[in-house]
$ cat query_21.tsv   # TSV, C-alpha atoms
chain	number	residue	atom	x	y	z
Z	18	MET	CA	14.06	-45.57	-67.02
Z	19	THR	CA	10.46	-46.02	-65.84
Z	20	THR	CA	7.88	-43.36	-66.62
Z	21	PRO	CA	7.31	-41.13	-63.56
Z	22	PRO	CA	3.78	-41.40	-62.09
Z	23	LEU	CA	3.35	-37.69	-62.76
Z	24	ILE	CA	3.04	-38.31	-66.50
Z	25	GLN	CA	1.69	-41.86	-66.61
Z	26	GLN	CA	-1.66	-42.47	-68.28
Z	27	GLY	CA	-4.54	-44.75	-67.41
Z	28	PRO	CA	-7.25	-45.10	-64.73
Z	29	ALA	CA	-4.78	-45.08	-61.83
Z	30	ALA	CA	-3.09	-41.92	-63.09
Z	31	ALA	CA	-6.49	-40.27	-63.59
Z	32	SER	CA	-7.45	-41.18	-60.00
Z	33	ARG	CA	-4.25	-39.63	-58.68
Z	34	ARG	CA	-4.88	-36.43	-60.59
Z	35	LEU	CA	-8.43	-36.34	-59.27
Z	36	PHE	CA	-7.18	-36.71	-55.68
Z	37	LEU	CA	-4.70	-33.88	-56.27
Z	38	VAL	CA	-7.45	-31.65	-57.68
Z	39	MET	CA	-9.63	-32.45	-54.66
Z	40	ILE	CA	-6.80	-31.50	-52.28
Z	41	VAL	CA	-6.31	-28.16	-54.04
Z	42	LEU	CA	-10.04	-27.44	-54.24
Z	43	GLY	CA	-10.47	-28.32	-50.56
Z	44	PHE	CA	-7.68	-25.91	-49.72
Z	45	LEU	CA	-9.30	-23.13	-51.78
Z	46	VAL	CA	-12.81	-23.75	-50.41
Z	47	VAL	CA	-11.56	-23.36	-46.84
Z	48	ARG	CA	-9.22	-20.42	-47.48
Z	49	LEU	CA	-11.12	-18.26	-49.97
Z	50	PRO	CA	-13.83	-17.07	-47.52
Z	51	MET	CA	-11.10	-15.90	-45.14
Z	52	VAL	CA	-9.23	-14.17	-47.95
Z	53	LEU	CA	-12.42	-12.28	-48.76
Z	54	ARG	CA	-13.48	-11.43	-45.21
Z	55	ILE	CA	-10.69	-11.23	-42.62
Z	56	PRO	CA	-9.38	-7.75	-41.68
Z	57	GLY	CA	-5.91	-6.65	-42.71
Z	58	GLY	CA	-2.89	-7.61	-40.66
Z	59	GLN	CA	0.86	-8.30	-40.71
Z	60	ASP	CA	2.03	-5.46	-42.97
Z	61	GLU	CA	-0.94	-5.72	-45.33
Z	62	CYS	CA	-1.54	-1.99	-44.88
Z	63	TRP	CA	1.74	-1.59	-46.79
Z	64	TYR	CA	1.68	-4.44	-49.30
Z	65	ALA	CA	-1.99	-4.40	-50.33
Z	66	VAL	CA	-1.75	-0.92	-51.84
Z	67	PRO	CA	1.18	-0.87	-54.34
Z	68	GLY	CA	-0.46	-3.39	-56.66
Z	69	GLU	CA	-3.17	-0.85	-57.39
Z	70	THR	CA	-0.69	1.93	-58.11
Z	71	VAL	CA	1.19	-0.43	-60.45
Z	72	ALA	CA	-2.09	-1.10	-62.26
Z	73	ARG	CA	-2.74	2.63	-62.66
Z	74	GLU	CA	0.78	4.09	-62.94
Z	75	GLY	CA	3.31	1.26	-63.29
Z	76	ILE	CA	5.10	2.15	-60.03
Z	77	PRO	CA	4.57	0.42	-56.64
Z	78	ARG	CA	3.99	3.09	-54.00
Z	79	ILE	CA	1.79	4.15	-51.09
Z	80	PRO	CA	0.57	7.59	-52.20
Z	81	TYR	CA	-1.04	8.63	-48.92
Z	82	PHE	CA	2.04	8.06	-46.69
Z	83	PRO	CA	4.64	10.78	-47.36
Z	84	ALA	CA	7.28	9.51	-44.91
Z	85	ARG	CA	10.43	11.65	-44.83
Z	86	ASN	CA	12.38	10.04	-41.98
Z	87	PRO	CA	15.43	8.47	-43.70
Z	88	GLU	CA	15.82	5.95	-40.84
Z	89	THR	CA	12.52	4.19	-41.60
Z	90	PHE	CA	12.00	1.37	-44.08
Z	91	PHE	CA	9.15	3.40	-45.56
Z	92	TYR	CA	11.19	6.48	-46.49
Z	93	ARG	CA	9.48	8.24	-49.44
Z	94	VAL	CA	7.12	5.34	-50.11
Z	95	ASP	CA	4.69	7.86	-51.57
Z	96	GLU	CA	7.12	7.97	-54.52
Z	97	ALA	CA	8.20	4.29	-54.67
Z	98	LEU	CA	8.16	1.32	-52.30
Z	99	PHE	CA	11.47	-0.46	-51.74
Z	100	THR	CA	10.99	-2.30	-48.45
Z	101	LEU	CA	10.85	-5.60	-50.39
Z	102	PRO	CA	11.39	-6.55	-54.04
Z	103	PRO	CA	8.36	-5.69	-56.19
Z	104	ALA	CA	7.33	-8.91	-58.01
Z	105	LEU	CA	4.21	-9.36	-55.88
Z	106	HIS	CA	2.90	-5.90	-56.71
Z	107	TYR	CA	3.27	-6.44	-60.45
Z	108	LEU	CA	1.39	-9.72	-60.11
Z	109	GLN	CA	-1.31	-7.98	-58.07
Z	110	ALA	CA	-1.81	-5.35	-60.76
Z	111	PRO	CA	-3.92	-7.46	-63.20
Z	112	PHE	CA	-6.28	-8.37	-60.36
Z	113	PHE	CA	-6.77	-4.70	-59.55
Z	114	LEU	CA	-7.68	-4.11	-63.18
Z	115	VAL	CA	-10.48	-6.69	-62.90
Z	116	PHE	CA	-11.71	-6.50	-59.29
Z	117	GLN	CA	-12.40	-3.61	-56.96
Z	118	PRO	CA	-9.53	-2.39	-54.75
Z	119	GLY	CA	-9.25	-3.94	-51.32
Z	120	TYR	CA	-7.45	-6.51	-49.22
Z	121	ALA	CA	-9.21	-9.42	-50.92
Z	122	THR	CA	-8.00	-8.41	-54.38
Z	123	ALA	CA	-4.45	-7.88	-53.13
Z	124	ARG	CA	-4.43	-11.34	-51.52
Z	125	LEU	CA	-5.40	-13.33	-54.61
Z	126	PRO	CA	-1.83	-13.80	-55.94
Z	127	ALA	CA	-0.80	-15.20	-52.55
Z	128	LEU	CA	-3.75	-17.60	-52.50
Z	129	ILE	CA	-3.02	-18.80	-56.04
Z	130	SER	CA	0.69	-19.17	-55.23
Z	131	ALA	CA	-0.15	-21.27	-52.17
Z	132	ALA	CA	-2.45	-23.52	-54.23
Z	133	LEU	CA	0.31	-23.90	-56.81
Z	134	SER	CA	2.71	-24.86	-54.02
Z	135	ILE	CA	0.52	-27.86	-53.21
Z	136	VAL	CA	0.80	-29.09	-56.79
Z	137	LEU	CA	4.55	-28.44	-56.82
Z	138	VAL	CA	5.09	-30.42	-53.62
Z	139	TYR	CA	3.29	-33.34	-55.26
Z	140	ALA	CA	5.34	-32.97	-58.46
Z	141	LEU	CA	8.60	-32.71	-56.54
Z	142	ALA	CA	7.86	-35.80	-54.44
Z	143	VAL	CA	6.93	-37.78	-57.55
Z	144	ARG	CA	10.03	-36.62	-59.40
Z	145	LEU	CA	12.43	-37.46	-56.56
Z	146	LEU	CA	10.75	-40.60	-55.17
Z	147	ASN	CA	8.93	-41.90	-58.26
Z	148	ASP	CA	6.00	-42.55	-55.93
Z	149	ALA	CA	2.65	-40.89	-56.59
Z	150	THR	CA	1.20	-42.04	-53.28
Z	151	ALA	CA	3.99	-40.28	-51.41
Z	152	GLY	CA	3.33	-37.23	-53.56
Z	153	LEU	CA	-0.34	-37.16	-52.62
Z	154	TRP	CA	0.49	-37.52	-48.93
Z	155	ALA	CA	3.02	-34.70	-49.22
Z	156	ALA	CA	0.54	-32.47	-51.05
Z	157	GLY	CA	-2.23	-33.19	-48.55
Z	158	LEU	CA	-0.06	-32.55	-45.50
Z	159	ASN	CA	1.30	-29.39	-47.09
Z	160	SER	CA	-2.25	-28.12	-47.69
Z	161	LEU	CA	-2.95	-28.50	-43.95
Z	162	SER	CA	0.35	-27.11	-42.71
Z	163	ARG	CA	0.78	-23.92	-40.73
Z	164	VAL	CA	3.59	-22.97	-43.11
Z	165	LEU	CA	1.05	-22.61	-45.91
Z	166	TYR	CA	-1.90	-21.42	-43.83
Z	167	PHE	CA	-1.00	-17.80	-43.10
Z	168	PRO	CA	0.96	-16.90	-46.28
Z	169	ALA	CA	-2.07	-17.93	-48.36
Z	170	LEU	CA	-4.29	-15.42	-46.57
Z	171	LEU	CA	-2.12	-12.31	-46.59
Z	172	ALA	CA	-1.15	-9.73	-49.19
Z	173	ARG	CA	2.53	-10.49	-48.70
Z	174	PRO	CA	5.16	-12.03	-51.03
Z	175	ASP	CA	5.97	-15.07	-48.85
Z	176	ALA	CA	3.68	-17.51	-50.68
Z	177	LEU	CA	4.86	-16.32	-54.08
Z	178	CYS	CA	8.51	-16.71	-53.13
Z	179	ALA	CA	7.88	-20.21	-51.73
Z	180	ALA	CA	6.09	-21.28	-54.93
Z	181	CYS	CA	9.02	-20.01	-57.01
Z	182	GLY	CA	11.40	-21.96	-54.79
Z	183	LEU	CA	9.47	-25.20	-55.14
Z	184	ALA	CA	9.24	-24.72	-58.91
Z	185	ALA	CA	12.98	-24.03	-59.07
Z	186	LEU	CA	13.71	-27.20	-57.09
Z	187	TRP	CA	11.47	-29.23	-59.39
Z	188	THR	CA	13.12	-27.92	-62.54
Z	189	MET	CA	16.57	-28.63	-61.08
Z	190	ALA	CA	15.41	-32.17	-60.28
Z	191	VAL	CA	14.32	-32.58	-63.90
Z	192	PHE	CA	17.69	-31.28	-65.07
Z	193	SER	CA	19.58	-33.67	-62.79
Z	194	GLN	CA	17.68	-36.59	-64.35
Z	195	THR	CA	17.64	-35.48	-68.00
Z	196	GLY	CA	20.71	-33.25	-68.39
Z	197	ARG	CA	18.78	-30.84	-70.61
Z	198	MET	CA	20.12	-27.34	-70.11
Z	199	ARG	CA	16.78	-25.63	-70.55
Z	200	TRP	CA	15.70	-27.05	-67.19
Z	201	LEU	CA	18.84	-25.68	-65.53
Z	202	ILE	CA	18.15	-22.26	-67.03
Z	203	GLY	CA	14.51	-22.52	-65.97
Z	204	SER	CA	15.60	-23.25	-62.41
Z	205	GLY	CA	17.76	-20.14	-62.46
Z	206	LEU	CA	14.96	-17.97	-63.84
Z	207	LEU	CA	12.54	-19.21	-61.18
Z	208	THR	CA	15.13	-18.58	-58.48
Z	209	GLY	CA	15.52	-15.04	-59.76
Z	210	LEU	CA	11.76	-14.55	-59.68
Z	211	GLY	CA	11.76	-15.79	-56.09
Z	212	ALA	CA	14.49	-13.30	-55.24
Z	213	LEU	CA	12.43	-10.59	-56.94
Z	214	SER	CA	9.65	-11.52	-54.51
Z	215	HIS	CA	11.38	-11.87	-51.13
Z	216	PRO	CA	14.97	-12.01	-49.80
Z	217	PHE	CA	14.42	-15.44	-48.25
Z	218	ALA	CA	14.92	-16.81	-51.76
Z	219	ILE	CA	18.55	-16.99	-50.69
Z	220	VAL	CA	17.62	-20.15	-48.74
Z	221	PHE	CA	16.63	-22.24	-51.75
Z	222	GLY	CA	19.11	-20.31	-53.90
Z	223	ILE	CA	22.02	-21.68	-51.87
Z	224	GLN	CA	20.54	-25.19	-52.03
Z	225	LEU	CA	20.12	-25.02	-55.80
Z	226	GLY	CA	23.58	-23.61	-56.38
Z	227	LEU	CA	25.09	-26.48	-54.40
Z	228	TRP	CA	22.82	-28.96	-56.22
Z	229	SER	CA	24.12	-27.73	-59.60
Z	230	LEU	CA	27.66	-28.40	-58.35
Z	231	TRP	CA	26.77	-31.80	-56.88
Z	232	ILE	CA	25.40	-33.29	-60.12
Z	233	PRO	CA	28.11	-35.59	-61.55
Z	234	GLY	CA	30.53	-34.16	-64.09
Z	235	SER	CA	34.02	-32.73	-64.36
Z	236	ALA	CA	35.02	-29.74	-62.26
Z	237	VAL	CA	34.74	-27.47	-65.29
Z	238	GLN	CA	31.28	-28.81	-66.17
Z	239	ARG	CA	30.06	-28.28	-62.61
Z	240	LEU	CA	31.33	-24.72	-62.51
Z	241	LYS	CA	29.80	-23.94	-65.90
Z	242	ARG	CA	26.45	-25.31	-64.75
Z	243	CYS	CA	26.51	-23.26	-61.57
Z	244	ALA	CA	27.55	-20.13	-63.48
Z	245	LEU	CA	24.77	-20.58	-66.06
Z	246	TRP	CA	22.20	-21.12	-63.31
Z	247	ALA	CA	23.45	-18.02	-61.44
Z	248	LEU	CA	23.37	-15.90	-64.62
Z	249	ALA	CA	19.77	-16.91	-65.30
Z	250	ALA	CA	18.80	-16.01	-61.74
Z	251	GLY	CA	20.62	-12.69	-61.95
Z	252	ALA	CA	19.00	-11.85	-65.28
Z	253	VAL	CA	15.59	-11.83	-63.58
Z	254	LEU	CA	16.72	-10.05	-60.43
Z	255	VAL	CA	18.22	-7.14	-62.39
Z	256	LEU	CA	14.73	-6.33	-63.70
Z	257	TRP	CA	14.42	-4.38	-60.45
Z	258	LEU	CA	17.25	-2.03	-61.50
Z	259	PRO	CA	15.22	0.26	-63.82
Z	260	LEU	CA	12.82	1.04	-60.98
Z	261	ILE	CA	15.71	1.62	-58.57
Z	262	ALA	CA	17.48	3.88	-61.08
Z	263	ALA	CA	14.32	5.87	-61.75
$ encode --input "query_21.tsv" --output "structure tokens"
Amino acid sequence: MTTPPLIQQGPAAASRRLFLVMIVLGFLVVRLPMVLRIPGGQDECWYAVPGETVAREGIPRIPYFPARNPETFFYRVDEALFTLPPALHYLQAPFFLVFQPGYATARLPALISAALSIVLVYALAVRLLNDATAGLWAAGLNSLSRVLYFPALLARPDALCAACGLAALWTMAVFSQTGRMRWLIGSGLLTGLGALSHPFAIVFGIQLGLWSLWIPGSAVQRLKRCALWALAAGAVLVLWLPLIAA
């Protein structure tokens, strides 16, 4: 089996890595000023706040909004926020410990997740196609896409969930080529983290579950693989249960 371009060494490999770094830096140079300056929008009034309360108290909530209408998504959010899974807010918390509170601080995990998505698209293309040029084209087009543009700028979990999905797809691709179970488990853990970020993780979750069944093997082996992947994903998702129980 030939060595994938992702891990090859030499001048050509160094040039590819440099191009990838330039794509990511170009993305950050264009997006960071907007992250720092644009006004809040698209639910950011809800999702920019709980990261700070996690940093101070350990619980995602909106302390100044004592909603008591049980028909609203924001029922009792002054006690705990449950409109979406909480992974984003726990990732926001370290930034609130370092930087001053505000929209810009709350958006940094989304910006970093979007930048990571560019690298993951490159890695996934290289892994599946064994073609670094295709990977660079994919990464470059992804960095310019509308799909990545808005999630990178907003204090919402969309970019984080997408990055988890791409990482889970990459690890499943590695497992399908190597057969090493740690990659299958890693794919499940990343899927669970995506589900702990946003419900649309079900999209790549279904794809990955079917992929684990599609990889050649006996019926028993396929079912065991799918069950192990699902258990790993569930093990991460149940981390939400202590907060729900409390």
$ closest_residue --input "query_21.tsv" --among "Z:Gly196, Z:Gly43, Z:Gly209, Z:Pro56" --to "Ser160 in chain Z" --atoms "all atoms listed in the file"
Z:Gly43
$ atom_distance --input "query_21.tsv" --atom1 "CA of Ser193 in chain Z" --atom2 "CA of Trp231 in chain Z"
9.5 Å
$ closest_residue --input "query_21.tsv" --among "Z:Phe217, Z:Arg33, Z:Leu207, Z:Ala104" --to "Asp148 in chain Z" --atoms "only C-alpha atoms"
Z:Arg33
$ atom_distance --input "query_21.tsv" --atom1 "CA of Ala72 in chain Z" --atom2 "CA of Leu165 in chain Z"
27.2 Å
$ closest_residue --input "query_21.tsv" --among "Z:Gly68, Z:Gly222, Z:Pro168, Z:Pro83" --to "Leu206 in chain Z" --atoms "all atoms listed in the file"
Z:Gly222
$ closest_residue --input "query_21.tsv" --among "Z:Thr122, Z:Thr100, Z:Ser130, Z:Ser32" --to "Asp60 in chain Z" --atoms "all atoms listed in the file"
Z:Thr100
$ residues_near_point --input "query_21.tsv" --point "(-5.3, -0.2, -54.8)" --cutoff "9 Å" --atoms "only C-alpha atoms" --output "list in words"
Ala65, Val66, Pro67, Gly68, Glu69, Thr70, Val71, Ala72, Arg73, Ala110, Phe113, Gln117, Pro118, Gly119, Tyr120, Thr122 and Ala123 of chain Z
$ residues_around --input "query_21.tsv" --residues "Ile40 in chain Z" --least-positions-apart "6" --cutoff "9 Å" --atoms "all atoms listed in the file" --output "JSON, numbers by chain"
{"Z": [135, 153, 156, 157, 160]}
$ atom_distance --input "query_21.tsv" --atom1 "CA of Pro80 in chain Z" --atom2 "CA of Cys62 in chain Z"
12.2 Å
$ axis_aligned_box --input "query_21.tsv" --around "range 101-116 of chain Z" --padding-each-side "4 Å" --output "JSON"
{"center_x": -0.2, "center_y": -6.9, "center_z": -56.8, "size_x": 31.1, "size_y": 13.6, "size_z": 20.8}
$ residues_around --input "query_21.tsv" --residues "Leu171 in chain Z" --least-positions-apart "2" --cutoff "12 Å" --atoms "all atoms listed in the file" --output "number ranges by chain"
Z: 48-49, 51-65, 105, 119-131, 165-169, 173-177
$ write_last_selection --input "query_21.tsv" --atoms "C-alpha atoms" --output "PDB file, in the coordinates of the input"
ATOM      1  CA  ARG Z  48      -9.220 -20.420 -47.480  1.00  0.00           C
ATOM      2  CA  LEU Z  49     -11.120 -18.260 -49.970  1.00  0.00           C
ATOM      3  CA  MET Z  51     -11.100 -15.900 -45.140  1.00  0.00           C
ATOM      4  CA  VAL Z  52      -9.230 -14.170 -47.950  1.00  0.00           C
ATOM      5  CA  LEU Z  53     -12.420 -12.280 -48.760  1.00  0.00           C
ATOM      6  CA  ARG Z  54     -13.480 -11.430 -45.210  1.00  0.00           C
ATOM      7  CA  ILE Z  55     -10.690 -11.230 -42.620  1.00  0.00           C
ATOM      8  CA  PRO Z  56      -9.380  -7.750 -41.680  1.00  0.00           C
ATOM      9  CA  GLY Z  57      -5.910  -6.650 -42.710  1.00  0.00           C
ATOM     10  CA  GLY Z  58      -2.890  -7.610 -40.660  1.00  0.00           C
ATOM     11  CA  GLN Z  59       0.860  -8.300 -40.710  1.00  0.00           C
ATOM     12  CA  ASP Z  60       2.030  -5.460 -42.970  1.00  0.00           C
ATOM     13  CA  GLU Z  61      -0.940  -5.720 -45.330  1.00  0.00           C
ATOM     14  CA  CYS Z  62      -1.540  -1.990 -44.880  1.00  0.00           C
ATOM     15  CA  TRP Z  63       1.740  -1.590 -46.790  1.00  0.00           C
ATOM     16  CA  TYR Z  64       1.680  -4.440 -49.300  1.00  0.00           C
ATOM     17  CA  ALA Z  65      -1.990  -4.400 -50.330  1.00  0.00           C
ATOM     18  CA  LEU Z 105       4.210  -9.360 -55.880  1.00  0.00           C
ATOM     19  CA  GLY Z 119      -9.250  -3.940 -51.320  1.00  0.00           C
ATOM     20  CA  TYR Z 120      -7.450  -6.510 -49.220  1.00  0.00           C
ATOM     21  CA  ALA Z 121      -9.210  -9.420 -50.920  1.00  0.00           C
ATOM     22  CA  THR Z 122      -8.000  -8.410 -54.380  1.00  0.00           C
ATOM     23  CA  ALA Z 123      -4.450  -7.880 -53.130  1.00  0.00           C
ATOM     24  CA  ARG Z 124      -4.430 -11.340 -51.520  1.00  0.00           C
ATOM     25  CA  LEU Z 125      -5.400 -13.330 -54.610  1.00  0.00           C
ATOM     26  CA  PRO Z 126      -1.830 -13.800 -55.940  1.00  0.00           C
ATOM     27  CA  ALA Z 127      -0.800 -15.200 -52.550  1.00  0.00           C
ATOM     28  CA  LEU Z 128      -3.750 -17.600 -52.500  1.00  0.00           C
ATOM     29  CA  ILE Z 129      -3.020 -18.800 -56.040  1.00  0.00           C
ATOM     30  CA  SER Z 130       0.690 -19.170 -55.230  1.00  0.00           C
ATOM     31  CA  ALA Z 131      -0.150 -21.270 -52.170  1.00  0.00           C
ATOM     32  CA  LEU Z 165       1.050 -22.610 -45.910  1.00  0.00           C
ATOM     33  CA  TYR Z 166      -1.900 -21.420 -43.830  1.00  0.00           C
ATOM     34  CA  PHE Z 167      -1.000 -17.800 -43.100  1.00  0.00           C
ATOM     35  CA  PRO Z 168       0.960 -16.900 -46.280  1.00  0.00           C
ATOM     36  CA  ALA Z 169      -2.070 -17.930 -48.360  1.00  0.00           C
ATOM     37  CA  ARG Z 173       2.530 -10.490 -48.700  1.00  0.00           C
ATOM     38  CA  PRO Z 174       5.160 -12.030 -51.030  1.00  0.00           C
ATOM     39  CA  ASP Z 175       5.970 -15.070 -48.850  1.00  0.00           C
ATOM     40  CA  ALA Z 176       3.680 -17.510 -50.680  1.00  0.00           C
ATOM     41  CA  LEU Z 177       4.860 -16.320 -54.080  1.00  0.00           C
TER      42      LEU Z 177
END
$ residues_near_point --input "query_21.tsv" --point "(6.5, -0.3, -59.3)" --cutoff "7 Å" --atoms "only C-alpha atoms" --output "count of residues only"
8
$ closest_residue --input "query_21.tsv" --among "Z:Val47, Z:Trp246, Z:Asn147, Z:Asn86" --to "Arg199 in chain Z" --atoms "only C-alpha atoms"
Z:Trp246
$ residues_around --input "query_21.tsv" --residues "Phe99 in chain Z" --least-positions-apart "5" --cutoff "8 Å" --atoms "only C-alpha atoms" --output "short mmCIF file (atom, residue, chain, number, x, y, z; two decimals) with C-alpha atoms, keeping the file's coordinate frame"
data_model
loop_
_atom_site.label_atom_id
_atom_site.label_comp_id
_atom_site.auth_asym_id
_atom_site.auth_seq_id
_atom_site.Cartn_x
_atom_site.Cartn_y
_atom_site.Cartn_z
CA PHE Z 90 12.00 1.37 -44.08
CA PHE Z 91 9.15 3.40 -45.56
CA VAL Z 94 7.12 5.34 -50.11
#
$ residues_around --input "query_21.tsv" --residues "range 224-227 of chain Z" --least-positions-apart "2" --cutoff "8 Å" --atoms "all atoms listed in the file" --output "PDB file with C-alpha atoms, in the frame of the given file"
ATOM      1  CA  ALA Z 185      12.980 -24.030 -59.070  1.00  0.00           C
ATOM      2  CA  LEU Z 186      13.710 -27.200 -57.090  1.00  0.00           C
ATOM      3  CA  MET Z 189      16.570 -28.630 -61.080  1.00  0.00           C
ATOM      4  CA  VAL Z 220      17.620 -20.150 -48.740  1.00  0.00           C
ATOM      5  CA  PHE Z 221      16.630 -22.240 -51.750  1.00  0.00           C
ATOM      6  CA  GLY Z 222      19.110 -20.310 -53.900  1.00  0.00           C
ATOM      7  CA  SER Z 229      24.120 -27.730 -59.600  1.00  0.00           C
ATOM      8  CA  LEU Z 230      27.660 -28.400 -58.350  1.00  0.00           C
ATOM      9  CA  TRP Z 231      26.770 -31.800 -56.880  1.00  0.00           C
ATOM     10  CA  CYS Z 243      26.510 -23.260 -61.570  1.00  0.00           C
ATOM     11  CA  TRP Z 246      22.200 -21.120 -63.310  1.00  0.00           C
ATOM     12  CA  ALA Z 247      23.450 -18.020 -61.440  1.00  0.00           C
TER      13      ALA Z 247
END
$ closest_residue --input "query_21.tsv" --among "Z:Ala172, Z:Leu183, Z:Ala149, Z:Ala190" --to "Leu133 in chain Z" --atoms "only C-alpha atoms"
Z:Leu183
